[in-house]
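What follows is the content of coords-v3.pdb, which has PDB, C-alpha atoms:
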MODEL        1
ATOM      1  CA  MET M1283       0.000   0.000   0.000
ATOM      2  CA  GLY M1284       1.537   3.314  -1.144
ATOM      3  CA  VAL M1285       0.788   6.909  -0.206
ATOM      4  CA  LYS M1286      -1.434   7.302  -3.280
ATOM      5  CA  ASP M1287      -3.668   4.491  -1.977
ATOM      6  CA  LEU M1288      -4.444   6.286   1.308
ATOM      7  CA  SER M1289      -7.897   7.670   2.040
ATOM      8  CA  LEU M1290      -8.435  11.403   2.612
ATOM      9  CA  ARG M1291      -8.576  10.823   6.391
ATOM     10  CA  GLN M1292      -5.330   8.850   6.272
ATOM     11  CA  HIS M1293      -3.662  11.565   4.170
ATOM     12  CA  ILE M1294      -4.650  14.182   6.766
ATOM     13  CA  ALA M1295      -3.443  11.997   9.641
ATOM     14  CA  LEU M1296      -0.116  11.396   7.875
ATOM     15  CA  LYS M1297       0.347  15.115   7.225
ATOM     16  CA  LEU M1298      -0.413  15.983  10.855
ATOM     17  CA  TYR M1299       2.058  13.343  12.044
ATOM     18  CA  GLN M1300       4.752  14.748   9.725
ATOM     19  CA  VAL M1301       4.193  18.237  11.147
ATOM     20  CA  TYR M1302       4.328  16.836  14.695
ATOM     21  CA  LYS M1303       7.625  15.009  14.059
ATOM     22  CA  LYS M1304       9.140  18.100  12.420
ATOM     23  CA  ASN M1305       8.250  20.191  15.467
ATOM     24  CA  GLU M1306       9.632  17.529  17.825
ATOM     25  CA  THR M1307      12.884  17.471  15.859
ATOM     26  CA  GLN M1308      13.219  21.241  16.024
ATOM     27  CA  LEU M1309      12.471  21.349  19.747
ATOM     28  CA  HIS M1310      14.714  18.335  20.528
ATOM     29  CA  GLN M1311      13.482  18.344  24.123
ATOM     30  CA  LEU M1312      16.036  17.124  26.656
ATOM     31  CA  ASN M1313      14.435  14.349  28.713
ATOM     32  CA  TYR M1314      17.252  11.896  29.442
ATOM     33  CA  ILE M1315      20.577  12.682  31.106
ATOM     34  CA  LEU M1316      23.419  10.238  31.823
ATOM     35  CA  TRP M1317      26.012  11.104  34.471
ATOM     36  CA  GLU M1318      29.211   9.031  34.404
ATOM     37  CA  CYS M1319      29.830   9.743  38.074
ATOM     38  CA  THR M1320      33.100   7.812  38.431
ATOM     39  CA  LEU M1321      35.736   5.965  36.426
ATOM     40  CA  ARG M1322      36.402   3.679  39.403
ATOM     41  CA  CYS M1323      35.092   0.122  39.220
ATOM     42  CA  ASN M1324      35.333  -3.027  41.350
ATOM     43  CA  LEU M1325      35.376  -5.273  38.264
ATOM     44  CA  HIS M1326      37.699  -5.593  35.268
ATOM     45  CA  CYS M1327      35.255  -6.175  32.418
ATOM     46  CA  ARG M1328      36.657  -7.193  29.041
ATOM     47  CA  HIS M1329      34.107  -5.041  27.202
ATOM     48  CA  CYS M1330      34.581  -1.838  29.231
ATOM     49  CA  GLY M1331      34.458   1.195  26.962
ATOM     50  CA  SER M1332      36.114   3.463  29.546
ATOM     51  CA  ASP M1333      38.919   1.148  30.734
ATOM     52  CA  CYS M1334      37.741   1.639  34.337
ATOM     53  CA  LYS M1335      39.937   0.526  37.226
ATOM     54  CA  GLN M1336      39.684   0.102  41.008
ATOM     55  CA  SER M1337      41.662   3.312  41.451
ATOM     56  CA  ALA M1338      41.100   5.739  38.595
ATOM     57  CA  SER M1339      43.618   8.412  37.630
ATOM     58  CA  VAL M1340      40.742  10.838  37.051
ATOM     59  CA  LYS M1341      39.072  12.028  40.250
ATOM     60  CA  ASP M1342      35.315  11.716  40.639
ATOM     61  CA  MET M1343      33.321  14.786  39.700
ATOM     62  CA  PRO M1344      32.307  16.481  42.980
ATOM     63  CA  ALA M1345      28.624  16.161  43.745
ATOM     64  CA  ALA M1346      28.326  19.934  44.151
ATOM     65  CA  ASP M1347      29.638  20.490  40.605
ATOM     66  CA  PHE M1348      27.150  18.014  39.154
ATOM     67  CA  LEU M1349      24.218  19.556  41.015
ATOM     68  CA  LYS M1350      25.323  23.021  39.889
ATOM     69  CA  ALA M1351      25.208  21.802  36.272
ATOM     70  CA  ILE M1352      21.746  20.355  36.850
ATOM     71  CA  ASP M1353      20.557  23.660  38.335
ATOM     72  CA  GLN M1354      21.699  25.445  35.184
ATOM     73  CA  ILE M1355      19.430  23.359  32.944
ATOM     74  CA  ILE M1356      16.326  23.498  35.155
ATOM     75  CA  PRO M1357      14.981  26.601  33.328
ATOM     76  CA  ILE M1358      14.950  24.764  29.975
ATOM     77  CA  VAL M1359      13.621  21.325  31.006
ATOM     78  CA  ASP M1360      10.670  19.839  32.819
ATOM     79  CA  PRO M1361      12.346  18.086  35.788
ATOM     80  CA  ASN M1362       9.413  15.699  36.296
ATOM     81  CA  ASN M1363       9.859  14.442  32.710
ATOM     82  CA  THR M1364      13.663  14.428  32.645
ATOM     83  CA  THR M1365      15.227  11.187  33.886
ATOM     84  CA  ILE M1366      18.776  11.227  35.235
ATOM     85  CA  VAL M1367      20.658   7.920  34.998
ATOM     86  CA  ILE M1368      23.840   7.597  37.056
ATOM     87  CA  THR M1369      26.486   5.310  35.533
ATOM     88  CA  GLY M1370      30.204   4.662  35.848
ATOM     89  CA  GLY M1371      32.505   2.916  36.260
ATOM     90  CA  GLU M1372      30.503   1.465  39.117
ATOM     91  CA  PRO M1373      28.330   4.195  40.669
ATOM     92  CA  LEU M1374      27.925   2.299  43.956
ATOM     93  CA  MET M1375      31.601   2.971  44.689
ATOM     94  CA  ARG M1376      30.582   6.546  45.475
ATOM     95  CA  PRO M1377      29.589   6.906  49.153
ATOM     96  CA  ASP M1378      27.651  10.111  48.411
ATOM     97  CA  LEU M1379      25.209   8.618  45.915
ATOM     98  CA  GLU M1380      22.286   8.892  48.323
ATOM     99  CA  GLN M1381      23.067  12.551  49.052
ATOM    100  CA  VAL M1382      23.091  13.301  45.325
ATOM    101  CA  GLY M1383      19.874  11.350  44.894
ATOM    102  CA  ILE M1384      18.089  13.286  47.629
ATOM    103  CA  GLU M1385      19.066  16.579  45.991
ATOM    104  CA  LEU M1386      17.817  15.376  42.596
ATOM    105  CA  TYR M1387      14.553  14.254  44.212
ATOM    106  CA  ARG M1388      14.138  17.671  45.853
ATOM    107  CA  ARG M1389      14.559  19.293  42.443
ATOM    108  CA  GLY M1390      11.871  17.031  40.975
ATOM    109  CA  PHE M1391      14.065  14.775  38.841
ATOM    110  CA  PRO M1392      13.356  11.032  38.670
ATOM    111  CA  TRP M1393      16.699   9.231  38.822
ATOM    112  CA  GLY M1394      18.203   5.766  38.615
ATOM    113  CA  ILE M1395      21.474   3.866  38.318
ATOM    114  CA  VAL M1396      23.176   1.211  36.202
ATOM    115  CA  THR M1397      25.174  -1.236  38.331
ATOM    116  CA  ASN M1398      27.080  -4.503  38.116
ATOM    117  CA  GLY M1399      25.390  -5.527  41.393
ATOM    118  CA  LEU M1400      28.569  -6.490  43.241
ATOM    119  CA  LEU M1401      27.924  -3.978  46.054
ATOM    120  CA  LEU M1402      24.137  -3.969  45.890
ATOM    121  CA  THR M1403      22.989  -5.325  49.255
ATOM    122  CA  ASP M1404      19.414  -5.161  50.569
ATOM    123  CA  GLU M1405      20.516  -2.361  52.895
ATOM    124  CA  ARG M1406      21.933  -0.309  50.026
ATOM    125  CA  ILE M1407      18.759  -0.843  47.991
ATOM    126  CA  ARG M1408      16.716   0.551  50.877
ATOM    127  CA  SER M1409      18.965   3.575  51.322
ATOM    128  CA  LEU M1410      18.868   4.330  47.590
ATOM    129  CA  THR M1411      15.089   4.042  47.333
ATOM    130  CA  ASP M1412      14.743   6.186  50.467
ATOM    131  CA  ALA M1413      16.838   8.784  48.603
ATOM    132  CA  GLY M1414      14.367   8.803  45.719
ATOM    133  CA  MET M1415      15.808   6.222  43.314
ATOM    134  CA  ARG M1416      13.053   5.072  40.955
ATOM    135  CA  SER M1417      14.882   2.978  38.348
ATOM    136  CA  ILE M1418      17.782   0.538  38.327
ATOM    137  CA  THR M1419      19.519  -1.637  35.743
ATOM    138  CA  VAL M1420      21.676  -4.639  36.658
ATOM    139  CA  SER M1421      24.153  -6.169  34.229
ATOM    140  CA  LEU M1422      24.052  -9.926  33.657
ATOM    141  CA  ASP M1423      25.932 -11.459  30.741
ATOM    142  CA  GLY M1424      25.192 -15.159  30.967
ATOM    143  CA  PRO M1425      25.414 -18.157  33.265
ATOM    144  CA  ALA M1426      28.152 -18.093  35.899
ATOM    145  CA  GLU M1427      31.094 -19.136  33.717
ATOM    146  CA  SER M1428      30.340 -16.740  30.840
ATOM    147  CA  HIS M1429      29.397 -13.834  33.086
ATOM    148  CA  ASN M1430      32.443 -14.123  35.364
ATOM    149  CA  TRP M1431      34.717 -14.490  32.325
ATOM    150  CA  LEU M1432      33.442 -11.254  30.800
ATOM    151  CA  ARG M1433      33.399  -9.387  34.125
ATOM    152  CA  GLY M1434      36.778 -10.607  35.387
ATOM    153  CA  HIS M1435      35.599 -11.498  38.907
ATOM    154  CA  PRO M1436      34.760 -14.938  40.398
ATOM    155  CA  SER M1437      31.882 -13.602  42.541
ATOM    156  CA  SER M1438      30.314 -11.317  39.968
ATOM    157  CA  PHE M1439      27.571 -13.717  38.833
ATOM    158  CA  LYS M1440      26.596 -14.708  42.373
ATOM    159  CA  ASN M1441      26.259 -11.096  43.483
ATOM    160  CA  ALA M1442      24.426  -9.992  40.332
ATOM    161  CA  ILE M1443      21.885 -12.802  40.787
ATOM    162  CA  ARG M1444      21.450 -11.896  44.455
ATOM    163  CA  ALA M1445      20.746  -8.286  43.465
ATOM    164  CA  ILE M1446      18.328  -9.343  40.703
ATOM    165  CA  GLU M1447      16.371 -11.577  43.070
ATOM    166  CA  SER M1448      16.023  -8.740  45.590
ATOM    167  CA  LEU M1449      15.022  -6.124  43.012
ATOM    168  CA  ALA M1450      12.450  -8.347  41.291
ATOM    169  CA  ASN M1451      10.335  -8.165  44.464
ATOM    170  CA  ILE M1452      10.209  -4.348  44.623
ATOM    171  CA  SER M1453       7.181  -3.286  42.614
ATOM    172  CA  GLU M1454       7.741   0.468  42.922
ATOM    173  CA  LEU M1455      11.099   0.301  41.098
ATOM    174  CA  ASN M1456      11.429   0.417  37.313
ATOM    175  CA  PHE M1457      13.873  -2.490  37.090
ATOM    176  CA  ASP M1458      15.498  -4.247  34.158
ATOM    177  CA  VAL M1459      18.537  -6.355  33.254
ATOM    178  CA  VAL M1460      21.014  -5.620  30.475
ATOM    179  CA  THR M1461      23.128  -8.237  28.701
ATOM    180  CA  CYS M1462      26.223  -7.702  26.575
ATOM    181  CA  VAL M1463      25.978 -10.072  23.610
ATOM    182  CA  ASN M1464      29.281 -11.605  22.529
ATOM    183  CA  GLN M1465      30.567 -14.707  20.775
ATOM    184  CA  ARG M1466      30.854 -16.629  24.022
ATOM    185  CA  ASN M1467      27.264 -16.125  25.238
ATOM    186  CA  PHE M1468      25.438 -15.827  21.895
ATOM    187  CA  ASN M1469      24.070 -19.367  22.075
ATOM    188  CA  GLU M1470      23.128 -18.894  25.746
ATOM    189  CA  LEU M1471      20.709 -15.983  25.215
ATOM    190  CA  THR M1472      17.580 -18.150  25.272
ATOM    191  CA  GLY M1473      18.701 -19.701  28.558
ATOM    192  CA  ILE M1474      19.510 -16.270  30.015
ATOM    193  CA  ARG M1475      16.040 -15.053  29.076
ATOM    194  CA  GLN M1476      14.338 -18.027  30.717
ATOM    195  CA  MET M1477      16.473 -17.764  33.848
ATOM    196  CA  LEU M1478      15.453 -14.128  34.274
ATOM    197  CA  ILE M1479      11.773 -14.905  33.649
ATOM    198  CA  ASP M1480      11.962 -17.585  36.340
ATOM    199  CA  LYS M1481      13.358 -14.984  38.754
ATOM    200  CA  GLY M1482      10.534 -12.541  38.067
ATOM    201  CA  VAL M1483      12.385 -10.111  35.802
ATOM    202  CA  LYS M1484       9.986  -8.252  33.488
ATOM    203  CA  ALA M1485      12.428  -6.537  31.112
ATOM    204  CA  LEU M1486      15.700  -7.534  29.422
ATOM    205  CA  ARG M1487      17.787  -5.359  27.109
ATOM    206  CA  VAL M1488      20.738  -6.462  25.013
ATOM    207  CA  PHE M1489      23.649  -4.581  23.482
ATOM    208  CA  THR M1490      26.826  -5.414  21.596
ATOM    209  CA  ILE M1491      30.413  -4.438  22.235
ATOM    210  CA  PHE M1492      31.649  -1.114  20.873
ATOM    211  CA  PRO M1493      35.434  -1.286  20.333
ATOM    212  CA  ILE M1494      36.643   1.605  22.484
ATOM    213  CA  GLY M1495      38.482   1.718  25.813
ATOM    214  CA  ARG M1496      39.447  -1.724  27.071
ATOM    215  CA  ALA M1497      37.049  -3.327  24.578
ATOM    216  CA  ALA M1498      39.237  -2.216  21.708
TER
ENDMDL
END

Can I see the file as structure tokens?
Amino acid sequence: MGVKDLSLRQHIALKLYQVYKKNETQLHQLNYILWECTLRCNLHCRHCGSDCKQSASVKDMPAADFLKAIDQIIPIVDPNNTTIVITGGEPLMRPDLEQVGIELYRRGFPWGIVTNGLLLTDERIRSLTDAGMRSITVSLDGPAESHNWLRGHPSSFKNAIRAIESLANISELNFDVVTCVNQRNFNELTGIRQMLIDKGVKALRVFTIFPIGRAA
């Protein structure tokens, strides 16, 4: 079915949609912000795009500087519809994450984190949610052998699964799992999917390796 086969109503609807998309493109509303809050990490992942280490040569951005930058964009965004996602490195290596989260919550921004789960205890989950965290993503790249191989840590799988099991029971959190697809786990994806379904996970995202940083 081509454009010439559309009815008058469909032609009008298509034209209105084209105008809407053109306006959206011109406005280019900012509604998603990622903050790479640290280059420190407690793992040594083979696919790391930043080549993160336990002790990074680049100091963490001070929380006050980040919040000052956020304050500067408040006049041009709708905080309630602008999600801030805190990444790393491993964001849970920052002891001030809850303080930052509380300040974001006070400013009206929904916020969340992406974590490898190694430090994500039930106590830390509670403190983060108390600070206003509303979304969280945990990385899981396969069964134990494949996941630990990619992440470079013998306890990584065990801790990620522990975190996933805890988070799957918290209905007020927007929670998902992300998997890095590679040659080693490609044939395990169906099993990964079923394992996560069995643990109550509602959403799984996948991505591939981009050859920068350590991944190069």

Minimum-distance residue to M:Ile1366, chosen among M:Cys1334, M:Leu1386, M:Ala1450, M:Ile1494 (using only C-alpha atoms):
M:Leu1386

Would you write out, as a count of residues only, every residue that the PyMOL selection byres ((chain M and resi 1467) around 12) captures in this file?
27

Quick one: which residues end up in the PyMOL selection byres ((chain M and resi 1404) around 12) for this structure, as an NGL selection string?
:M and (1399-1403 or 1405-1411 or 1441 or 1444-1449 or 1451-1452)

Might you pull out every residue within 12 Å of M:Ser1417, with all atoms listed in the file counted and same-chain residues fewer than 6 positions away left off, and present them as a list in words?
Thr1365, Ile1366, Val1367, Ile1368, Gly1383, Phe1391, Pro1392, Trp1393, Gly1394, Ile1395, Val1396, Thr1397, Ile1407, Leu1410, Thr1411, Leu1449, Ala1450, Ile1452, Ser1453, Glu1454, Leu1455, Asn1456, Phe1457, Asp1458 and Val1459 of chain M

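When atom CA of M:Gln1336 is paired with atom CA of M:Glu1372, their separation reads 9.5 Å.
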
Could you list the residues chosen by the PyMOL selection byres ((chain M and resi 1325) around 9) in this structure as a ChimeraX atom specification?
/M:1323-1324,1326-1327,1334-1336,1371-1372,1398,1400,1433-1435,1438

The selected residues should be written to file as an mmCIF file, in the coordinates of the input (atoms: C-alpha atoms).
data_model
loop_
_atom_site.group_PDB
_atom_site.id
_atom_site.type_symbol
_atom_site.label_atom_id
_atom_site.label_comp_id
_atom_site.auth_asym_id
_atom_site.auth_seq_id
_atom_site.Cartn_x
_atom_site.Cartn_y
_atom_site.Cartn_z
ATOM 1 C CA CYS M 1323 35.092 0.122 39.220
ATOM 2 C CA ASN M 1324 35.333 -3.027 41.350
ATOM 3 C CA HIS M 1326 37.699 -5.593 35.268
ATOM 4 C CA CYS M 1327 35.255 -6.175 32.418
ATOM 5 C CA CYS M 1334 37.741 1.639 34.337
ATOM 6 C CA LYS M 1335 39.937 0.526 37.226
ATOM 7 C CA GLN M 1336 39.684 0.102 41.008
ATOM 8 C CA GLY M 1371 32.505 2.916 36.260
ATOM 9 C CA GLU M 1372 30.503 1.465 39.117
ATOM 10 C CA ASN M 1398 27.080 -4.503 38.116
ATOM 11 C CA LEU M 1400 28.569 -6.490 43.241
ATOM 12 C CA ARG M 1433 33.399 -9.387 34.125
ATOM 13 C CA GLY M 1434 36.778 -10.607 35.387
ATOM 14 C CA HIS M 1435 35.599 -11.498 38.907
ATOM 15 C CA SER M 1438 30.314 -11.317 39.968
#

Residue nearest M:Thr1419 among M:Lys1304, M:Lys1350, M:Lys1484, M:Arg1291 (counting all atoms listed in the file)
M:Lys1484

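If you measure from each of M:Gly1482, M:Gly1495, M:Gly1370, M:Pro1361 to M:Asp1342 using only C-alpha atoms, the closest one turns out to be M:Gly1370.
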
Could you put an axis-aligned box around every listed atom of stretch 1289-1293 of chain M, padded by 3 Å on each side, and send me its centre and edge lengths in Å to one decimal, as lines of an AutoDock Vina configuration file?
center_x = -6.1
center_y = 9.6
center_z = 4.2
size_x = 10.9
size_y = 9.9
size_z = 10.4

Judged by only C-alpha atoms, the minimum distance to M:Met1343 among M:Arg1322, M:Arg1389, M:Arg1416, M:Lys1481 is found for M:Arg1322

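Atom CA of M:Asp1353 is found 15.1 Å from atom CA of M:Tyr1314.
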
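Among the candidates M:Ser1337, M:Gly1331, M:Thr1364, M:Pro1373, the residue lying nearest to M:Cys1319 is M:Pro1373 (atoms considered: all atoms listed in the file).
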
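Across the model, the gap from atom CA of M:Lys1440 to atom CA of M:Asp1480 is 16.1 Å.
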
Min atom-atom distance to M:Pro1493 from the set M:Leu1290, M:Leu1316, M:Cys1330, M:Val1460, counting only C-alpha atoms, belongs to M:Cys1330

Starting from the incomplete input, reconstruct N, CA and C atoms of stretch 1340-1369 of chain M and write that as a PDB file, in the frame of the given file.
ATOM      1  N   VAL M1340      41.606   9.655  37.111  1.00  0.00           N
ATOM      2  CA  VAL M1340      40.742  10.838  37.051  1.00  0.00           C
ATOM      3  C   VAL M1340      39.847  10.854  38.290  1.00  0.00           C
ATOM      4  N   LYS M1341      39.879  11.931  39.046  1.00  0.00           N
ATOM      5  CA  LYS M1341      39.072  12.028  40.250  1.00  0.00           C
ATOM      6  C   LYS M1341      37.583  12.117  39.905  1.00  0.00           C
ATOM      7  N   ASP M1342      36.760  11.615  40.822  1.00  0.00           N
ATOM      8  CA  ASP M1342      35.315  11.716  40.639  1.00  0.00           C
ATOM      9  C   ASP M1342      34.892  13.178  40.575  1.00  0.00           C
ATOM     10  N   MET M1343      33.895  13.444  39.743  1.00  0.00           N
ATOM     11  CA  MET M1343      33.321  14.786  39.700  1.00  0.00           C
ATOM     12  C   MET M1343      32.650  15.069  41.046  1.00  0.00           C
ATOM     13  N   PRO M1344      32.954  16.172  41.698  1.00  0.00           N
ATOM     14  CA  PRO M1344      32.307  16.481  42.980  1.00  0.00           C
ATOM     15  C   PRO M1344      30.798  16.596  42.812  1.00  0.00           C
ATOM     16  N   ALA M1345      30.082  16.120  43.803  1.00  0.00           N
ATOM     17  CA  ALA M1345      28.624  16.161  43.745  1.00  0.00           C
ATOM     18  C   ALA M1345      28.114  17.589  43.574  1.00  0.00           C
ATOM     19  N   ALA M1346      28.758  18.540  44.239  1.00  0.00           N
ATOM     20  CA  ALA M1346      28.326  19.934  44.151  1.00  0.00           C
ATOM     21  C   ALA M1346      28.429  20.462  42.725  1.00  0.00           C
ATOM     22  N   ASP M1347      29.477  20.044  41.989  1.00  0.00           N
ATOM     23  CA  ASP M1347      29.638  20.490  40.605  1.00  0.00           C
ATOM     24  C   ASP M1347      28.536  19.912  39.719  1.00  0.00           C
ATOM     25  N   PHE M1348      28.212  18.647  39.944  1.00  0.00           N
ATOM     26  CA  PHE M1348      27.150  18.014  39.154  1.00  0.00           C
ATOM     27  C   PHE M1348      25.806  18.694  39.412  1.00  0.00           C
ATOM     28  N   LEU M1349      25.498  18.925  40.672  1.00  0.00           N
ATOM     29  CA  LEU M1349      24.218  19.556  41.015  1.00  0.00           C
ATOM     30  C   LEU M1349      24.153  20.989  40.490  1.00  0.00           C
ATOM     31  N   LYS M1350      25.282  21.671  40.455  1.00  0.00           N
ATOM     32  CA  LYS M1350      25.323  23.021  39.889  1.00  0.00           C
ATOM     33  C   LYS M1350      24.989  22.976  38.396  1.00  0.00           C
ATOM     34  N   ALA M1351      25.518  21.958  37.696  1.00  0.00           N
ATOM     35  CA  ALA M1351      25.208  21.802  36.272  1.00  0.00           C
ATOM     36  C   ALA M1351      23.724  21.496  36.064  1.00  0.00           C
ATOM     37  N   ILE M1352      23.172  20.670  36.931  1.00  0.00           N
ATOM     38  CA  ILE M1352      21.746  20.355  36.850  1.00  0.00           C
ATOM     39  C   ILE M1352      20.909  21.613  37.075  1.00  0.00           C
ATOM     40  N   ASP M1353      21.294  22.429  38.052  1.00  0.00           N
ATOM     41  CA  ASP M1353      20.557  23.660  38.335  1.00  0.00           C
ATOM     42  C   ASP M1353      20.549  24.604  37.135  1.00  0.00           C
ATOM     43  N   GLN M1354      21.607  24.549  36.334  1.00  0.00           N
ATOM     44  CA  GLN M1354      21.699  25.445  35.184  1.00  0.00           C
ATOM     45  C   GLN M1354      20.743  25.053  34.056  1.00  0.00           C
ATOM     46  N   ILE M1355      20.328  23.766  34.022  1.00  0.00           N
ATOM     47  CA  ILE M1355      19.430  23.359  32.944  1.00  0.00           C
ATOM     48  C   ILE M1355      17.966  23.341  33.378  1.00  0.00           C
ATOM     49  N   ILE M1356      17.708  23.527  34.672  1.00  0.00           N
ATOM     50  CA  ILE M1356      16.326  23.498  35.155  1.00  0.00           C
ATOM     51  C   ILE M1356      15.412  24.467  34.396  1.00  0.00           C
ATOM     52  N   PRO M1357      15.874  25.684  34.044  1.00  0.00           N
ATOM     53  CA  PRO M1357      14.981  26.601  33.328  1.00  0.00           C
ATOM     54  C   PRO M1357      14.553  26.124  31.935  1.00  0.00           C
ATOM     55  N   ILE M1358      15.277  25.166  31.352  1.00  0.00           N
ATOM     56  CA  ILE M1358      14.950  24.764  29.975  1.00  0.00           C
ATOM     57  C   ILE M1358      14.391  23.342  29.885  1.00  0.00           C
ATOM     58  N   VAL M1359      14.174  22.680  31.020  1.00  0.00           N
ATOM     59  CA  VAL M1359      13.621  21.325  31.006  1.00  0.00           C
ATOM     60  C   VAL M1359      12.450  21.236  31.976  1.00  0.00           C
ATOM     61  N   ASP M1360      11.698  20.173  31.839  1.00  0.00           N
ATOM     62  CA  ASP M1360      10.670  19.839  32.819  1.00  0.00           C
ATOM     63  C   ASP M1360      11.262  18.752  33.706  1.00  0.00           C
ATOM     64  N   PRO M1361      11.680  19.077  34.937  1.00  0.00           N
ATOM     65  CA  PRO M1361      12.346  18.086  35.788  1.00  0.00           C
ATOM     66  C   PRO M1361      11.545  16.799  35.954  1.00  0.00           C
ATOM     67  N   ASN M1362      10.225  16.895  36.085  1.00  0.00           N
ATOM     68  CA  ASN M1362       9.413  15.699  36.296  1.00  0.00           C
ATOM     69  C   ASN M1362       9.441  14.753  35.107  1.00  0.00           C
ATOM     70  N   ASN M1363       9.799  15.263  33.921  1.00  0.00           N
ATOM     71  CA  ASN M1363       9.859  14.442  32.710  1.00  0.00           C
ATOM     72  C   ASN M1363      11.273  14.323  32.171  1.00  0.00           C
ATOM     73  N   THR M1364      12.256  14.543  33.039  1.00  0.00           N
ATOM     74  CA  THR M1364      13.663  14.428  32.645  1.00  0.00           C
ATOM     75  C   THR M1364      14.341  13.433  33.579  1.00  0.00           C
ATOM     76  N   THR M1365      14.634  12.252  33.072  1.00  0.00           N
ATOM     77  CA  THR M1365      15.227  11.187  33.886  1.00  0.00           C
ATOM     78  C   THR M1365      16.749  11.311  33.903  1.00  0.00           C
ATOM     79  N   ILE M1366      17.322  11.210  35.089  1.00  0.00           N
ATOM     80  CA  ILE M1366      18.776  11.227  35.235  1.00  0.00           C
ATOM     81  C   ILE M1366      19.245   9.821  35.598  1.00  0.00           C
ATOM     82  N   VAL M1367      20.124   9.259  34.769  1.00  0.00           N
ATOM     83  CA  VAL M1367      20.658   7.920  34.998  1.00  0.00           C
ATOM     84  C   VAL M1367      22.130   8.040  35.383  1.00  0.00           C
ATOM     85  N   ILE M1368      22.474   7.496  36.534  1.00  0.00           N
ATOM     86  CA  ILE M1368      23.840   7.597  37.056  1.00  0.00           C
ATOM     87  C   ILE M1368      24.591   6.308  36.710  1.00  0.00           C
ATOM     88  N   THR M1369      25.693   6.453  35.978  1.00  0.00           N
ATOM     89  CA  THR M1369      26.486   5.310  35.533  1.00  0.00           C
ATOM     90  C   THR M1369      27.938   5.485  35.986  1.00  0.00           C
TER      91      THR M1369
END
